[in-house]
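Asks: Encoded as structure tokens, here's the structure I'll be asking about.
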Amino acid sequence: MSVDKNLGASATPGASLSMGRVAIARLRDLALLPALVALVIVGSLVSPVFLNPNNITTILTSSAALALIVLAESLIMITGKFDLSLESIYGFAPAIGAMVVIPAAQFGFGMELPTWAGIMVVLAVGGLVGFVNGFLVVQLRLNAFIVTLAMLIVLRGMLVGATSGRTLFDLPDAFYGLMVITFLGLPLAVWLAAVAFLIAGLVLRYHRLGRALYAIGGNPEAARAAGIRVERVIWGVYVLAGVLAALGGLAITGYVGAISANQGNGLIFTVFAAAVIGGISLDGGKGTMFGALTGVLLLGVVQNVLTLAQVPSFWIQAIYGAIILGSLIIARFAGGQVQQ
Amino acid sequence: MLNSLKLTAAIATVMVATALPGAVQAQTAPKVAVDLTTLTSPFWTAYNKYIEEEAKAQGIELLQPFNSEFDTAKQITGVKNAVTLGANGLIFSPFDTSAAKTVLETAAGSNVKVVAVDVAPDTGPVAIVVRADNVAYGEKACQYIGEHVKEGAIVQIMGDQASINGRDRGNGFRDCITKNFPALKLLEIPTKAWSGEDAAAGLETLLNSTPDLKAIYMHAGGVFLAPTLQTLKRRGLLHPAGEDGHIVIVSNDGIPQEFAAIRSGEIDATVSQPADLYAKYGLMYLKLAMEGKTFVAGPTDHGSTIVEVAPGVLEDQLAAPLVTKENVDDKALWGNL
């Protein structure tokens, strides 16, 4: 039992550390922690293996891809915009990258480029879609919600069209690398997500560029008056988000071992759920990376606990939703902040 | 037979020619509408391919198949559009039985003959249902696992429980295990909308609590095969059949990738869901129905039996063979075509 307790403490190392450093005013970012802690306690009661290092690894591994795409969405939401098409990039980018590599017999385009070029194509496609989204939102001043909703549908349709709905099996090993290659017992994707969150968190907090995102999300006119190149920053964030979503898609490809034409379908709801319960405001200008990360981990822990508990399958979705509702209520009272 | 086929084809061609320039001529050109449940699973894309091939072979004019994407509203709209386009026959898969009633009433109101494929509606009017028994899928998998695993924990990775096929496979497997093999401890991994990600995350979690898992039944190889194998590979638990620590895996669908995995010993068996026969007999029955023929219960000429499953609902229950290493190279299996 004492072993379990130690492991429990090491499972959330950031919690106590940042607690000391962060001022009361920033409590909003930590609002979800009590709920997360409560869930961890419930989990350890439900199953003795919950706090087992293997299981912690499982939670982190299964959350890595979601973490990357939530990071992307959070950055966009902080600038006061939306990108619904991220869920389609998550499937479209890896599929196109794979199809330029695999032979036509395996439903590729028949170009058979080297694998590294395929990986580059994955990232480039993500960036390109982000660039187009940015162009439509910034230059043509179209509504971000509607434009990216249209882009979501277009890309989903292009993926189904390009693959004729078929699942791409037997990809080159590099496409699974983010999940197969491990470092200190954790897959590369987990490290990648952790580093990406760390960098994003530091830049948002301390760097001029990061502060600019908050300024734009809070009041774009004031930000422009303060000398921030609003359009250019927003456009850049869209491109970055596209690349991050493509990386997330590559991570899930490694996790699942194939790319189905359905990859990422409906995921955007989960992405918004994670970001918003993590304290990212739908109105822009508010929220932190740490908060978004707790949102991701909360969803990962809930799914893990429900599986370990062997909840009857007909009820699992209802209970999943109820736990998220409960967590929001706990967060409301613990953080004392109104969810936005 | 051949002559009549040619004749029908010729008539159809003439009809197309005459129908093209003018307005839609609903009652003159026999046209068939096809509803597809989804276009993003290997099984359904294969079925779509066979529908097109069989329609050509049987000389039937197809409207562009419409994709319902597991959405009842889309299915009803699709059927209404098909009626507007002048369809005389409809092949559809009532994945949701509540939608089936509306669809069947819409069709009957416009004198459109209907054949249901893959799933049986609760009530008619329907010319006939062509499907394999999904409860039997689960039972076949259960029997195979029960014969090869004496005791310990086993798991079923389940399809969407809001779909009748997911429920039938799940209940068939569960009931059979609890009744016949009490020494086996059954665990379950539910998935939302047949999600491969849910399958991978669930399996990995269960491997933490149950590292000595003895067997796995996947409700759909098309979506669960890759995540299952990938997860086992990552955990170092993928041992081919015959080696120590091999986990008995039974899949469901009968796609080529499953056959490859059976040959390499990564999985042990799969239930071959007859995508080709669904298309072939679905279209054959529909053609006969459009000619005014009706059907009766009893054995058929292709080794299956027509059963009256509900008052007025006839069902041709096609065989869904269990494929193992012994018969995986059988040329009659659609996964080998």
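Chains: A, B, ... in order of the structure tokens. Residues: from 1 per chain. Ligands: from 1, in order shown.
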Any idea what's packed within 12 Å of Tyr137 (chain B), counting only C-alpha atoms, ignoring anything in its chain fewer than 5 positions away? Could you give it as a PyMOL selection string?

Replies: chain B and resi 131-132+142-144+165-174+176+217-220+250-254+269-274+318-323

Asks: Output C-alpha atoms for every residue in that selection, as a PDB file, in the first residue's frame.

Replies:
```pdb
ATOM      1  CA  ARG B 131     -28.041 -11.616 -43.905  1.00  0.00           C
ATOM      2  CA  ALA B 132     -25.952 -13.883 -41.820  1.00  0.00           C
ATOM      3  CA  CYS B 142     -17.074 -18.463 -28.390  1.00  0.00           C
ATOM      4  CA  GLN B 143     -16.962 -22.120 -29.407  1.00  0.00           C
ATOM      5  CA  TYR B 144     -13.526 -21.742 -30.977  1.00  0.00           C
ATOM      6  CA  ASN B 165     -24.948  -6.162 -35.168  1.00  0.00           C
ATOM      7  CA  GLY B 166     -22.725  -5.009 -32.324  1.00  0.00           C
ATOM      8  CA  ARG B 167     -25.326  -6.094 -29.785  1.00  0.00           C
ATOM      9  CA  ASP B 168     -25.987  -9.459 -31.454  1.00  0.00           C
ATOM     10  CA  ARG B 169     -22.301 -10.358 -31.612  1.00  0.00           C
ATOM     11  CA  GLY B 170     -21.765  -9.209 -28.040  1.00  0.00           C
ATOM     12  CA  ASN B 171     -24.767 -11.063 -26.627  1.00  0.00           C
ATOM     13  CA  GLY B 172     -24.080 -14.190 -28.698  1.00  0.00           C
ATOM     14  CA  PHE B 173     -20.531 -14.349 -27.405  1.00  0.00           C
ATOM     15  CA  ARG B 174     -21.362 -13.451 -23.788  1.00  0.00           C
ATOM     16  CA  CYS B 176     -22.361 -18.709 -24.991  1.00  0.00           C
ATOM     17  CA  TYR B 217     -12.666 -11.817 -29.717  1.00  0.00           C
ATOM     18  CA  MET B 218     -12.869  -8.756 -31.975  1.00  0.00           C
ATOM     19  CA  HIS B 219     -16.320  -7.828 -33.264  1.00  0.00           C
ATOM     20  CA  ALA B 220     -14.888  -6.346 -36.460  1.00  0.00           C
ATOM     21  CA  VAL B 250     -10.681 -14.654 -33.118  1.00  0.00           C
ATOM     22  CA  SER B 251     -11.753 -11.878 -35.451  1.00  0.00           C
ATOM     23  CA  ASN B 252     -14.899 -11.125 -37.420  1.00  0.00           C
ATOM     24  CA  ASP B 253     -15.355  -9.858 -41.026  1.00  0.00           C
ATOM     25  CA  GLY B 254     -13.147 -11.984 -43.302  1.00  0.00           C
ATOM     26  CA  ALA B 269      -9.530 -17.486 -36.780  1.00  0.00           C
ATOM     27  CA  THR B 270     -12.104 -15.128 -38.197  1.00  0.00           C
ATOM     28  CA  VAL B 271     -15.772 -15.342 -39.074  1.00  0.00           C
ATOM     29  CA  SER B 272     -16.072 -14.568 -42.774  1.00  0.00           C
ATOM     30  CA  GLN B 273     -18.995 -12.233 -43.273  1.00  0.00           C
ATOM     31  CA  PRO B 274     -20.071 -12.928 -46.862  1.00  0.00           C
ATOM     32  CA  LEU B 318     -26.401 -17.164 -45.555  1.00  0.00           C
ATOM     33  CA  ALA B 319     -23.586 -19.198 -44.114  1.00  0.00           C
ATOM     34  CA  ALA B 320     -20.743 -17.297 -42.448  1.00  0.00           C
ATOM     35  CA  PRO B 321     -17.889 -19.790 -42.291  1.00  0.00           C
ATOM     36  CA  LEU B 322     -15.269 -19.767 -39.554  1.00  0.00           C
ATOM     37  CA  VAL B 323     -11.884 -19.365 -41.225  1.00  0.00           C
TER      38      VAL B 323
END
```

Asks: For chain B, report every residue with an atom at most 7 Å from chain A (counting only C-alpha atoms), formatted as a PyMOL selection string.

Replies: chain B and resi 39-42+45+161+188-190+196-197+200-202+204-206+208-209+226-227+230+234

Asks: Write to file, as a short mmCIF file (atom, residue, chain, number, x, y, z; two decimals), in the first residue's frame, the residues of the selection just made, with C-alpha atoms.

Replies:
```cif
data_model
loop_
_atom_site.label_atom_id
_atom_site.label_comp_id
_atom_site.auth_asym_id
_atom_site.auth_seq_id
_atom_site.Cartn_x
_atom_site.Cartn_y
_atom_site.Cartn_z
CA LEU B 39 -17.87 3.92 -46.66
CA THR B 40 -15.02 3.81 -44.21
CA SER B 41 -14.82 0.21 -43.05
CA PRO B 42 -13.05 -2.45 -45.12
CA THR B 45 -16.10 -0.80 -49.06
CA GLN B 161 -23.71 -1.29 -28.73
CA GLU B 188 -15.36 -6.48 -22.19
CA ILE B 189 -14.05 -3.43 -24.04
CA PRO B 190 -16.90 -1.29 -25.39
CA GLY B 196 -10.08 1.60 -33.20
CA GLU B 197 -8.61 4.12 -30.74
CA ALA B 200 -6.36 0.10 -28.41
CA ALA B 201 -6.74 2.18 -25.24
CA GLY B 202 -9.11 -0.36 -23.68
CA GLU B 204 -3.81 -1.68 -23.17
CA THR B 205 -5.61 -0.82 -19.93
CA LEU B 206 -6.93 -4.35 -19.47
CA ASN B 208 -2.39 -3.85 -16.96
CA SER B 209 -5.06 -5.41 -14.77
CA ALA B 226 -4.62 -3.23 -36.55
CA PRO B 227 -5.08 -1.61 -33.11
CA GLN B 230 -0.27 -2.98 -32.60
CA ARG B 234 3.99 -2.76 -28.20
#
```

Asks: Write out as a VMD selection string all residues of region 94-220 of chain A that DSSP puts in helix (DSSP H, G or I) for this structure's backbone.

Replies: chain A and resid 94 to 99 104 to 106 115 to 139 144 to 163 173 to 180 188 to 206 208 to 218 220

Asks: Based on DSSP run over this structure's backbone, return all residues of region 107-297 of chain A in strand (DSSP E or B), as a compact mmCIF listing (two decimals) with N, CA and C atoms, in the first residue's frame.

Replies:
```
# COMPACT_ATOMS: atom_id res chain seq x y z
N LEU A 168 -5.69 2.10 -44.55
CA LEU A 168 -4.31 1.87 -44.99
C LEU A 168 -3.60 1.02 -43.93
N THR A 182 10.68 3.97 -27.75
CA THR A 182 10.46 4.45 -26.39
C THR A 182 11.76 5.01 -25.82
N PHE A 183 11.61 5.93 -24.88
CA PHE A 183 12.74 6.53 -24.19
C PHE A 183 12.39 6.56 -22.71
N LEU A 186 8.84 5.41 -21.87
CA LEU A 186 7.67 6.09 -22.43
C LEU A 186 7.84 6.29 -23.94
N PRO A 187 6.78 6.11 -24.71
CA PRO A 187 6.89 6.31 -26.15
C PRO A 187 7.25 7.75 -26.50
N ILE A 259 -4.28 3.51 -40.74
CA ILE A 259 -5.03 4.76 -40.89
C ILE A 259 -6.36 4.45 -41.55
```

Asks: Could you give me, as a list of chain:residue names, the residues within 7 Å of Phe175 (chain A), counting only C-alpha atoms and dropping anything in the same chain fewer than 2 positions from it?

Replies: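 Once the nearby chain positions are removed, what remains is A:Leu171, A:Pro172, A:Asp173, A:Gly177, A:Leu250, A:Thr253, A:Gly254.
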
Asks: Quote the spacing between CA of Phe92 (chain A) and CA of Phe107 (chain A) in Å to one decimal place.

Replies: 14.7 Å

Asks: At a cut-off of 10 Å, using only C-alpha atoms, what residues contact Ile330 (chain A)? Leave out same-chain residues fewer than 2 positions from it and give the result as a list in words.

Replies: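 Everything that qualifies: Ala31, Leu32, Leu33, Pro34, Ala35, Leu36, Ala38, Ile324, Leu325, Gly326, Ser327, Leu328, Arg332, Phe333, Ala334, Gly335 and Gly336 of chain A.
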
Asks: Now that the selection is made, can you save its residues with C-alpha atoms as a PDB file, in the first residue's frame?

Replies:
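For reference, again_35.pdb as written:
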```pdb
ATOM      1  CA  ALA A  31      -9.154  24.240 -10.712  1.00  0.00           C
ATOM      2  CA  LEU A  32      -9.280  20.819 -12.257  1.00  0.00           C
ATOM      3  CA  LEU A  33      -6.590  19.352  -9.996  1.00  0.00           C
ATOM      4  CA  PRO A  34      -8.914  18.473  -7.087  1.00  0.00           C
ATOM      5  CA  ALA A  35     -11.179  16.603  -9.502  1.00  0.00           C
ATOM      6  CA  LEU A  36      -8.171  14.840 -10.990  1.00  0.00           C
ATOM      7  CA  ALA A  38     -10.389  12.626  -6.586  1.00  0.00           C
ATOM      8  CA  ILE A 324     -17.016  15.045 -16.615  1.00  0.00           C
ATOM      9  CA  LEU A 325     -20.018  16.972 -15.308  1.00  0.00           C
ATOM     10  CA  GLY A 326     -19.023  16.121 -11.741  1.00  0.00           C
ATOM     11  CA  SER A 327     -15.454  17.237 -12.381  1.00  0.00           C
ATOM     12  CA  LEU A 328     -16.672  20.572 -13.711  1.00  0.00           C
ATOM     13  CA  ARG A 332     -16.168  25.365 -10.057  1.00  0.00           C
ATOM     14  CA  PHE A 333     -16.098  25.178  -6.280  1.00  0.00           C
ATOM     15  CA  ALA A 334     -12.374  24.526  -5.952  1.00  0.00           C
ATOM     16  CA  GLY A 335     -11.338  27.282  -8.351  1.00  0.00           C
ATOM     17  CA  GLY A 336     -14.092  29.702  -7.498  1.00  0.00           C
TER      18      GLY A 336
END
```

Asks: Skip region 117-121 of chain B itself and residues of its chain fewer than 2 positions away, then list as JSON, numbers by chain all residues within 8 Å of it, counting only C-alpha atoms.

Replies: {"B": [91, 92, 93, 94, 95, 97, 100, 101, 115, 123, 124, 129, 130, 131, 132, 164, 165, 278, 282, 315]}

Asks: Please list as a PyMOL selection string every residue within 9 Å of Asp283 (chain A), counting only C-alpha atoms and excluding residues in the same chain fewer than 5 positions away.

Replies: chain A and resi 77-81+217-218+340

Asks: Go ahead and dump the residues you just picked, N, CA and C atoms, as a JSON list (two decimals), in the first residue's frame.

Replies:
```json
[["chain", "number", "residue", "atom", "x", "y", "z"],
["A", 77, "MET", "N", -7.65, 28.96, -29.58],
["A", 77, "MET", "CA", -8.73, 29.51, -28.76],
["A", 77, "MET", "C", -8.25, 30.71, -27.95],
["A", 78, "ILE", "N", -6.99, 30.68, -27.52],
["A", 78, "ILE", "CA", -6.48, 31.81, -26.74],
["A", 78, "ILE", "C", -6.45, 33.08, -27.60],
["A", 79, "THR", "N", -6.21, 32.92, -28.90],
["A", 79, "THR", "CA", -6.24, 34.10, -29.77],
["A", 79, "THR", "C", -7.67, 34.49, -30.14],
["A", 80, "GLY", "N", -8.64, 33.77, -29.60],
["A", 80, "GLY", "CA", -10.04, 34.13, -29.82],
["A", 80, "GLY", "C", -10.64, 33.55, -31.09],
["A", 81, "LYS", "N", -9.96, 32.55, -31.67],
["A", 81, "LYS", "CA", -10.48, 31.94, -32.90],
["A", 81, "LYS", "C", -10.85, 30.47, -32.65],
["A", 217, "GLY", "N", -6.48, 37.73, -28.18],
["A", 217, "GLY", "CA", -7.72, 37.06, -27.77],
["A", 217, "GLY", "C", -8.57, 37.95, -26.88],
["A", 218, "GLY", "N", -7.92, 38.76, -26.06],
["A", 218, "GLY", "CA", -8.65, 39.63, -25.14],
["A", 218, "GLY", "C", -9.29, 40.79, -25.88],
["A", 340, "GLN", "N", -15.94, 29.61, -18.63],
["A", 340, "GLN", "CA", -16.36, 30.40, -19.79],
["A", 340, "GLN", "C", -16.17, 29.62, -21.07]]
```

Asks: Have a look at CA of Leu213 (chain A) and CA of Val233 (chain A) and let me know their distance in Å, one decimal.

Replies: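 Straight-line distance from CA of Leu213 (chain A) to CA of Val233 (chain A) works out to 7.5 Å.
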
Asks: Leaving out Ile216 (chain B) and any residue of its chain fewer than 2 positions from it, which residues lie within 6 Å of it when counting only C-alpha atoms, given as a PyMOL selection string?

Replies: chain B and resi 154-156+249

Asks: Counting only C-alpha atoms, which residue out of B:Ala153, B:Ala215, B:Ala279, B:Leu238 sits closest to Tyr47 (chain B)?

Replies: B:Ala279

Asks: Pick the closest to Met290 (chain B) from B:Ala127, B:Gln64, B:Thr84, B:Gly78: which is it, counting only C-alpha atoms?

Replies: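 Closest candidate: B:Ala127.
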
Asks: Under the rule that only C-alpha atoms are counted, which of A:Val40, A:Ala246, A:Ala226, A:Val137 is the nearest residue to Phe82 (chain A)?

Replies: A:Val137

Asks: In Å to one decimal, how far is CA of Val223 (chain B) from CA of Asn48 (chain B)?

Replies: 16.9 Å
